[in-house]
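Asks: What follows is upload_23.pdb; its format and atoms are PDB, C-alpha atoms and all ligand atoms.
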ATOM      1  CA  MET A   1     -16.196  69.163 -67.067  1.00  0.00           C
ATOM      2  CA  ILE A   2     -14.969  69.334 -70.584  1.00  0.00           C
ATOM      3  CA  VAL A   3     -15.799  73.014 -70.578  1.00  0.00           C
ATOM      4  CA  CYS A   4     -13.661  73.404 -67.489  1.00  0.00           C
ATOM      5  CA  GLY A   5     -10.770  71.678 -69.161  1.00  0.00           C
ATOM      6  CA  GLU A   6     -11.044  73.753 -72.267  1.00  0.00           C
ATOM      7  CA  ARG A   7     -11.199  76.888 -70.239  1.00  0.00           C
ATOM      8  CA  SER A   8      -8.114  75.930 -68.231  1.00  0.00           C
ATOM      9  CA  LEU A   9      -6.234  75.197 -71.388  1.00  0.00           C
ATOM     10  CA  VAL A  10      -7.178  78.462 -73.010  1.00  0.00           C
ATOM     11  CA  GLU A  11      -6.155  80.320 -69.878  1.00  0.00           C
ATOM     12  CA  ALA A  12      -2.824  78.516 -69.889  1.00  0.00           C
ATOM     13  CA  GLU A  13      -2.208  79.372 -73.518  1.00  0.00           C
ATOM     14  CA  LEU A  14      -3.300  82.967 -73.045  1.00  0.00           C
ATOM     15  CA  LEU A  15      -1.011  83.414 -70.066  1.00  0.00           C
ATOM     16  CA  ALA A  16       1.893  81.736 -71.856  1.00  0.00           C
ATOM     17  CA  GLY A  17       1.443  84.113 -74.801  1.00  0.00           C
ATOM     18  CA  GLY A  18       1.022  81.033 -76.942  1.00  0.00           C
ATOM     19  CA  LEU A  19      -1.936  82.168 -79.022  1.00  0.00           C
ATOM     20  CA  SER A  20      -1.294  84.306 -82.047  1.00  0.00           C
ATOM     21  CA  CYS A  21      -3.627  86.746 -83.715  1.00  0.00           C
ATOM     22  CA  PRO A  22      -5.236  85.335 -86.882  1.00  0.00           C
ATOM     23  CA  SER A  23      -5.032  88.785 -88.456  1.00  0.00           C
ATOM     24  CA  CYS A  24      -1.483  89.904 -87.763  1.00  0.00           C
ATOM     25  CA  ARG A  25       0.140  87.093 -85.770  1.00  0.00           C
ATOM     26  CA  GLY A  26       0.627  89.314 -82.760  1.00  0.00           C
ATOM     27  CA  VAL A  27       0.263  87.845 -79.271  1.00  0.00           C
ATOM     28  CA  LEU A  28      -3.264  87.476 -77.891  1.00  0.00           C
ATOM     29  CA  GLY A  29      -4.038  88.370 -74.291  1.00  0.00           C
ATOM     30  CA  PRO A  30      -7.231  87.698 -72.258  1.00  0.00           C
ATOM     31  CA  TRP A  31     -10.226  89.848 -73.206  1.00  0.00           C
ATOM     32  CA  GLY A  32     -13.457  88.746 -71.561  1.00  0.00           C
ATOM     33  CA  HIS A  33     -15.840  86.223 -73.003  1.00  0.00           C
ATOM     34  CA  ALA A  34     -17.940  85.821 -76.105  1.00  0.00           C
ATOM     35  CA  ARG A  35     -21.694  85.306 -75.832  1.00  0.00           C
ATOM     36  CA  GLU A  36     -23.010  81.943 -74.737  1.00  0.00           C
ATOM     37  CA  ARG A  37     -23.700  79.381 -77.406  1.00  0.00           C
ATOM     38  CA  VAL A  38     -25.137  75.913 -77.634  1.00  0.00           C
ATOM     39  CA  LEU A  39     -22.750  73.065 -78.258  1.00  0.00           C
ATOM     40  CA  ARG A  40     -24.022  69.886 -79.800  1.00  0.00           C
ATOM     41  CA  GLY A  41     -22.407  66.930 -78.105  1.00  0.00           C
ATOM     42  CA  LEU A  42     -22.804  63.183 -78.181  1.00  0.00           C
ATOM     43  CA  VAL A  43     -24.710  63.265 -74.899  1.00  0.00           C
ATOM     44  CA  GLY A  44     -26.892  66.272 -75.611  1.00  0.00           C
ATOM     45  CA  ASP A  45     -26.643  70.023 -75.907  1.00  0.00           C
ATOM     46  CA  ARG A  46     -24.915  72.291 -73.454  1.00  0.00           C
ATOM     47  CA  LEU A  47     -24.025  75.930 -73.150  1.00  0.00           C
ATOM     48  CA  LEU A  48     -20.547  77.316 -73.440  1.00  0.00           C
ATOM     49  CA  ARG A  49     -19.153  80.788 -73.043  1.00  0.00           C
ATOM     50  CA  PRO A  50     -15.995  80.887 -75.132  1.00  0.00           C
ATOM     51  CA  ARG A  51     -13.086  83.005 -74.028  1.00  0.00           C
ATOM     52  CA  ARG A  52     -12.111  85.988 -76.081  1.00  0.00           C
ATOM     53  CA  GLY A  53      -8.623  87.222 -76.703  1.00  0.00           C
ATOM     54  CA  ARG A  54      -7.356  90.600 -77.772  1.00  0.00           C
ATOM     55  CA  CYS A  55      -4.298  91.128 -79.915  1.00  0.00           C
ATOM     56  CA  ARG A  56      -1.637  93.244 -78.252  1.00  0.00           C
ATOM     57  CA  ALA A  57      -0.435  94.462 -81.635  1.00  0.00           C
ATOM     58  CA  CYS A  58      -3.505  95.264 -83.760  1.00  0.00           C
ATOM     59  CA  LEU A  59      -6.006  95.343 -80.829  1.00  0.00           C
ATOM     60  CA  GLY A  60      -8.392  93.088 -82.722  1.00  0.00           C
ATOM     61  CA  THR A  61     -10.498  90.691 -80.628  1.00  0.00           C
ATOM     62  CA  HIS A  62     -11.035  87.023 -81.435  1.00  0.00           C
ATOM     63  CA  VAL A  63     -13.243  84.265 -80.043  1.00  0.00           C
ATOM     64  CA  LEU A  64     -10.769  81.617 -79.030  1.00  0.00           C
ATOM     65  CA  LEU A  65     -12.899  78.516 -79.382  1.00  0.00           C
ATOM     66  CA  SER A  66     -14.359  78.691 -82.811  1.00  0.00           C
ATOM     67  CA  HIS A  67     -18.057  78.082 -83.247  1.00  0.00           C
ATOM     68  CA  VAL A  68     -17.418  75.778 -86.189  1.00  0.00           C
ATOM     69  CA  ALA A  69     -14.946  73.620 -84.330  1.00  0.00           C
ATOM     70  CA  LEU A  70     -16.997  73.281 -81.209  1.00  0.00           C
ATOM     71  CA  SER A  71     -20.472  72.898 -82.591  1.00  0.00           C
ATOM     72  CA  ARG A  72     -20.745  71.476 -86.071  1.00  0.00           C
ATOM     73  CA  ARG A  73     -17.417  69.739 -86.088  1.00  0.00           C
ATOM     74  CA  GLN A  74     -17.266  68.594 -82.521  1.00  0.00           C
ATOM     75  CA  ASP A  75     -18.815  65.236 -83.150  1.00  0.00           C
ATOM     76  CA  GLU A  76     -16.796  64.864 -86.250  1.00  0.00           C
ATOM     77  CA  VAL A  77     -13.368  65.357 -84.842  1.00  0.00           C
ATOM     78  CA  ALA A  78     -13.357  61.894 -83.266  1.00  0.00           C
ATOM     79  CA  VAL A  79     -14.476  60.423 -86.584  1.00  0.00           C
ATOM     80  CA  ILE A  80     -11.782  62.297 -88.470  1.00  0.00           C
ATOM     81  CA  GLY A  81      -9.245  61.230 -85.883  1.00  0.00           C
ATOM     82  CA  THR A  82     -10.272  57.612 -86.230  1.00  0.00           C
ATOM     83  CA  ALA A  83      -9.806  57.893 -89.995  1.00  0.00           C
ATOM     84  CA  ILE A  84      -6.354  59.429 -89.567  1.00  0.00           C
ATOM     85  CA  GLU A  85      -5.287  56.727 -87.130  1.00  0.00           C
ATOM     86  CA  ALA A  86      -6.507  53.977 -89.467  1.00  0.00           C
ATOM     87  CA  SER A  87      -4.734  55.570 -92.416  1.00  0.00           C
ATOM     88  CA  VAL A  88      -1.434  55.885 -90.574  1.00  0.00           C
ATOM     89  CA  ALA A  89      -1.858  52.233 -89.600  1.00  0.00           C
ATOM     90  CA  GLY A  90      -2.069  51.393 -93.314  1.00  0.00           C
ATOM     91  CA  GLU A  91      -5.782  51.130 -94.071  1.00  0.00           C
ATOM     92  CA  GLY A  92      -6.981  52.522 -97.403  1.00  0.00           C
ATOM     93  CA  TYR A  93      -9.358  55.481 -97.524  1.00  0.00           C
ATOM     94  CA  ARG A  94     -12.159  53.541 -99.224  1.00  0.00           C
ATOM     95  CA  ARG A  95     -12.230  50.918 -96.491  1.00  0.00           C
ATOM     96  CA  ILE A  96     -12.042  53.565 -93.789  1.00  0.00           C
ATOM     97  CA  ALA A  97     -14.935  55.440 -95.369  1.00  0.00           C
ATOM     98  CA  ALA A  98     -17.054  52.298 -95.609  1.00  0.00           C
ATOM     99  CA  ARG A  99     -16.373  51.463 -91.978  1.00  0.00           C
ATOM    100  CA  LEU A 100     -17.185  54.969 -90.752  1.00  0.00           C
ATOM    101  CA  GLY A 101     -20.166  55.431 -93.029  1.00  0.00           C
ATOM    102  CA  ALA A 102     -18.589  58.475 -94.670  1.00  0.00           C
ATOM    103  CA  TYR A 103     -18.072  59.412 -98.305  1.00  0.00           C
ATOM    104  CA  ALA A 104     -14.777  58.145 -99.716  1.00  0.00           C
ATOM    105  CA  ASP A 105     -13.976  61.560-101.202  1.00  0.00           C
ATOM    106  CA  THR A 106     -14.582  63.211 -97.845  1.00  0.00           C
ATOM    107  CA  VAL A 107     -12.275  60.808 -96.045  1.00  0.00           C
ATOM    108  CA  ARG A 108      -9.664  61.210 -98.763  1.00  0.00           C
ATOM    109  CA  GLY A 109      -9.898  64.983 -98.282  1.00  0.00           C
ATOM    110  CA  TRP A 110      -9.261  64.719 -94.525  1.00  0.00           C
ATOM    111  CA  LEU A 111      -6.301  62.416 -95.067  1.00  0.00           C
ATOM    112  CA  ARG A 112      -4.825  64.530 -97.825  1.00  0.00           C
ATOM    113  CA  ARG A 113      -5.028  67.610 -95.642  1.00  0.00           C
ATOM    114  CA  PHE A 114      -3.430  65.806 -92.755  1.00  0.00           C
ATOM    115  CA  VAL A 115      -0.535  64.770 -95.032  1.00  0.00           C
ATOM    116  CA  GLU A 116      -0.169  68.335 -96.328  1.00  0.00           C
ATOM    117  CA  ARG A 117      -0.156  69.785 -92.827  1.00  0.00           C
ATOM    118  CA  ALA A 118       1.787  67.029 -91.093  1.00  0.00           C
ATOM    119  CA  ASP A 119       4.905  69.091 -90.411  1.00  0.00           C
ATOM    120  CA  GLN A 120       2.960  72.060 -89.035  1.00  0.00           C
ATOM    121  CA  ILE A 121       0.706  69.794 -86.989  1.00  0.00           C
ATOM    122  CA  ARG A 122       3.707  67.955 -85.536  1.00  0.00           C
ATOM    123  CA  ALA A 123       5.448  71.230 -84.672  1.00  0.00           C
ATOM    124  CA  HIS A 124       2.360  72.769 -83.085  1.00  0.00           C
ATOM    125  CA  PHE A 125       1.384  69.765 -80.982  1.00  0.00           C
ATOM    126  CA  THR A 126       4.954  69.183 -79.856  1.00  0.00           C
ATOM    127  CA  TRP A 127       4.974  72.794 -78.698  1.00  0.00           C
ATOM    128  CA  CYS A 128       1.621  72.299 -76.919  1.00  0.00           C
ATOM    129  CA  ALA A 129       2.942  69.191 -75.189  1.00  0.00           C
ATOM    130  CA  VAL A 130       5.977  71.059 -73.879  1.00  0.00           C
ATOM    131  CA  VAL A 131       3.852  73.987 -72.668  1.00  0.00           C
ATOM    132  CA  LEU A 132       1.531  71.571 -70.869  1.00  0.00           C
ATOM    133  CA  ASP A 133       4.348  69.434 -69.476  1.00  0.00           C
ATOM    134  CA  PRO A 134       7.671  71.292 -69.263  1.00  0.00           C
ATOM    135  CA  GLU A 135       9.397  68.125 -68.024  1.00  0.00           C
ATOM    136  CA  LEU A 136       8.397  66.159 -71.087  1.00  0.00           C
ATOM    137  CA  GLY A 137      11.203  64.168 -72.658  1.00  0.00           C
ATOM    138  CA  PRO A 138      12.000  64.272 -76.380  1.00  0.00           C
ATOM    139  CA  VAL A 139       9.257  63.070 -78.736  1.00  0.00           C
ATOM    140  CA  LEU A 140      10.787  60.194 -80.667  1.00  0.00           C
ATOM    141  CA  PRO A 141      10.396  59.909 -84.459  1.00  0.00           C
ATOM    142  CA  ALA A 142       7.581  57.515 -85.377  1.00  0.00           C
ATOM    143  CA  GLY A 143       8.803  56.656 -88.869  1.00  0.00           C
ATOM    144  CA  SER A 144       7.024  59.039 -91.247  1.00  0.00           C
ATOM    145  CA  GLY A 145       5.697  62.571 -91.418  1.00  0.00           C
ATOM    146  CA  VAL A 146       2.108  61.588 -90.728  1.00  0.00           C
ATOM    147  CA  ALA A 147       3.069  59.111 -88.007  1.00  0.00           C
ATOM    148  CA  ASP A 148       5.156  61.813 -86.331  1.00  0.00           C
ATOM    149  CA  ALA A 149       2.220  64.237 -86.492  1.00  0.00           C
ATOM    150  CA  LEU A 150      -0.132  61.638 -85.031  1.00  0.00           C
ATOM    151  CA  GLU A 151       2.369  60.846 -82.275  1.00  0.00           C
ATOM    152  CA  ALA A 152       2.735  64.538 -81.437  1.00  0.00           C
ATOM    153  CA  ILE A 153      -1.060  64.823 -81.104  1.00  0.00           C
ATOM    154  CA  ALA A 154      -1.116  61.783 -78.807  1.00  0.00           C
ATOM    155  CA  VAL A 155       1.722  63.130 -76.658  1.00  0.00           C
ATOM    156  CA  ALA A 156       0.049  66.535 -76.359  1.00  0.00           C
ATOM    157  CA  ALA A 157      -3.287  64.915 -75.465  1.00  0.00           C
ATOM    158  CA  ARG A 158      -1.594  62.834 -72.757  1.00  0.00           C
ATOM    159  CA  ALA A 159       0.112  65.923 -71.359  1.00  0.00           C
ATOM    160  CA  TRP A 160      -3.254  67.697 -71.338  1.00  0.00           C
ATOM    161  CA  VAL A 161      -4.908  64.800 -69.489  1.00  0.00           C
ATOM    162  CA  LEU A 162      -2.105  64.702 -66.909  1.00  0.00           C
ATOM    163  CA  ARG A 163      -2.637  68.358 -66.258  1.00  0.00           C
ATOM    164  CA  PHE A 164      -6.384  68.824 -66.511  1.00  0.00           C
ATOM    165  CA  GLY A 165      -7.920  65.368 -66.158  1.00  0.00           C
ATOM    166  CA  PRO A 166      -9.558  62.866 -68.503  1.00  0.00           C
ATOM    167  CA  GLY A 167     -10.734  63.924 -71.932  1.00  0.00           C
ATOM    168  CA  ASP A 168     -11.230  62.538 -75.387  1.00  0.00           C
ATOM    169  CA  PRO A 169      -7.873  62.789 -77.218  1.00  0.00           C
ATOM    170  CA  TRP A 170      -9.330  64.080 -80.473  1.00  0.00           C
ATOM    171  CA  ARG A 171     -11.508  66.601 -78.746  1.00  0.00           C
ATOM    172  CA  ILE A 172      -8.401  67.797 -76.936  1.00  0.00           C
ATOM    173  CA  ALA A 173      -6.610  67.905 -80.275  1.00  0.00           C
ATOM    174  CA  SER A 174      -9.369  70.073 -81.704  1.00  0.00           C
ATOM    175  CA  VAL A 175      -9.126  72.480 -78.800  1.00  0.00           C
ATOM    176  CA  LEU A 176      -5.345  72.572 -78.928  1.00  0.00           C
ATOM    177  CA  SER A 177      -5.466  73.386 -82.616  1.00  0.00           C
ATOM    178  CA  GLY A 178      -7.954  76.191 -82.052  1.00  0.00           C
ATOM    179  CA  GLY A 179     -10.446  74.134 -84.025  1.00  0.00           C
ATOM    180  CA  VAL A 180      -8.470  74.325 -87.260  1.00  0.00           C
ATOM    181  CA  LEU A 181      -6.758  70.946 -87.196  1.00  0.00           C
ATOM    182  CA  LEU A 182      -7.757  70.254 -90.776  1.00  0.00           C
ATOM    183  CA  ALA A 183      -8.605  73.740 -91.992  1.00  0.00           C
ATOM    184  CA  THR A 184      -8.598  74.220 -95.721  1.00  0.00           C
ATOM    185  CA  ARG A 185      -6.970  77.636 -95.606  1.00  0.00           C
ATOM    186  CA  ALA A 186      -3.279  77.827 -94.821  1.00  0.00           C
ATOM    187  CA  SER A 187      -3.913  81.122 -93.016  1.00  0.00           C
ATOM    188  CA  ALA A 188      -5.825  79.218 -90.350  1.00  0.00           C
ATOM    189  CA  TYR A 189      -2.490  77.746 -89.381  1.00  0.00           C
ATOM    190  CA  SER A 190      -0.991  81.004 -88.245  1.00  0.00           C
ATOM    191  CA  TRP A 191      -0.178  79.342 -84.927  1.00  0.00           C
ATOM    192  CA  ALA A 192       2.051  76.862 -86.669  1.00  0.00           C
ATOM    193  CA  THR A 193       4.290  79.162 -88.669  1.00  0.00           C
TER
HETATM  194 ZN    ZN B   1      -3.416  91.313 -84.409  1.00  0.00          ZN
END
Here is a file; write its structure as structure tokens.

Replies:
Amino acid sequence: MIVCGERSLVEAELLAGGLSCPSCRGVLGPWGHARERVLRGLVGDRLLRPRRGRCRACLGTHVLLSHVALSRRQDEVAVIGTAIEASVAGEGYRRIAARLGAYADTVRGWLRRFVERADQIRAHFTWCAVVLDPELGPVLPAGSGVADALEAIAVAARAWVLRFGPGDPWRIASVLSGGVLLATRASAYSWAT
């Protein structure tokens, strides 16, 4: 079911011309599927055939759902999301780390990256929300850069659920970000610039 949702979303983005080429920032169009791969989920493994896109400008092809995001990091995105939510709510990174059983430095790294990328994340997820729900009203300021980014993610996830059915908000966020929600390289954020 989640696979279905992801596929619908990717199709919607492909058809809307909303995905940009990581190489040249041209527009990606549909281009078959990548080979099947195993996804490690909370309730066991399953197979997925990610969609592929082809850049209309440079003709390069790209797997749209990154292996890293959907296998190794899939279980983690909910954990990272929980840490971000707790931080925006005012909890310190050491306490968050202790509660989640993660290293403090690791949690601090996630949070720092979220702060650094807050504007791009807010802009991207606001755009996603509008694509998913064209009748969406204005997204109101939540009080700070990180709170606005978190709110934009929540609004986009709700729009996604309204359109495609129930799903975990952070998993949706991962898919909507192309799996690079907290990427270390700025170039991974080509969709947001
Ligand atoms: Zn290209």

Asks: Show me which residues line ligand ZN 1 (chain B), defined as having an atom within 12 Å of a ligand atom where only C-alpha atoms and all ligand atoms count, and present them as a list in words.

Replies: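 I would give the residues around ligand ZN 1 (chain B) as Leu19, Ser20, Cys21, Pro22, Ser23, Cys24, Arg25, Gly26, Val27, Leu28, Gly29, Gly53, Arg54, Cys55, Arg56, Ala57, Cys58, Leu59, Gly60, Thr61, His62 and Ser190 of chain A.
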
Asks: When the PyMOL selection byres (((chain A and resi 93) around 8) and not hetatm) is applied to the file above, which residues end up in the set, as a PyMOL selection string?

Replies: chain A and resi 83+87+91-92+94-97+104+107-108+111

Asks: Using all atoms listed in the file, which residue out of A:Leu136, A:Ala12, A:Arg52, A:Ser174 lies closest to Pro30 of chain A?

Replies: A:Arg52

Asks: Please report the interatomic distance between atom CA of Phe164 of chain A and atom CA of Ala86 of chain A in Å with one decimal.

Replies: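 A separation of 27.3 Å between them.
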
Asks: Rounded to one decimal in Å, what is the spacing between atom CA of Arg113 of chain A and atom CA of Leu140 of chain A?

Replies: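 If I compute the distance from atom CA of Arg113 of chain A to atom CA of Leu140 of chain A, I get 23.0 Å.
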
Asks: Of the candidates A:Gly143, A:Phe125, A:Ala102, A:Arg117, which one gets nearest to Thr82 of chain A if we count all atoms listed in the file?

Replies: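 Answer, going by the shortest atom-to-atom distance: A:Ala102.
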
Asks: As an exercise, work out the distance from atom CA of Gly32 of chain A to atom CA of His124 of chain A in Å and give it to one decimal place.

Replies: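 Taking atom CA of Gly32 of chain A as the start and atom CA of His124 of chain A as the end point, the length is 25.3 Å.
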
Asks: Out of A:Ala78, A:Ala118, A:Leu132, A:Leu14, which residue has the shortest atom-to-atom distance to Trp160 of chain A when counting all atoms listed in the file?

Replies: A:Leu132

Asks: Given only C-alpha atoms as the basis, pick out the residue of A:Arg99, A:Arg122, A:Arg163, A:Arg51 nearest to Asp148 of chain A.

Replies: A:Arg122

Asks: Rank A:Val130, A:Ile153, A:Val10, A:Ala123 by their smallest atom-to-atom distance to His33 of chain A, using only C-alpha atoms, and report the top residue only.

Replies: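 Of A:Val130, A:Ile153, A:Val10, A:Ala123, the one nearest His33 of chain A is A:Val10, counting only C-alpha atoms.
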
Asks: Give me the residues near Gly145 of chain A as a PDB file with C-alpha atoms, keeping the file's coordinate frame, where near means some atom within 10 Å (using all atoms listed in the file) and where sequence neighbours in that chain fewer than 5 positions away do not count.

Replies:
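Written file, out.pdb:
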ATOM      1  CA  VAL A  88      -1.434  55.885 -90.574  1.00  0.00           C
ATOM      2  CA  PHE A 114      -3.430  65.806 -92.755  1.00  0.00           C
ATOM      3  CA  VAL A 115      -0.535  64.770 -95.032  1.00  0.00           C
ATOM      4  CA  GLU A 116      -0.169  68.335 -96.328  1.00  0.00           C
ATOM      5  CA  ARG A 117      -0.156  69.785 -92.827  1.00  0.00           C
ATOM      6  CA  ALA A 118       1.787  67.029 -91.093  1.00  0.00           C
ATOM      7  CA  ASP A 119       4.905  69.091 -90.411  1.00  0.00           C
ATOM      8  CA  ILE A 121       0.706  69.794 -86.989  1.00  0.00           C
ATOM      9  CA  ARG A 122       3.707  67.955 -85.536  1.00  0.00           C
ATOM     10  CA  LEU A 150      -0.132  61.638 -85.031  1.00  0.00           C
ATOM     11  CA  GLU A 151       2.369  60.846 -82.275  1.00  0.00           C
TER      12      GLU A 151
END
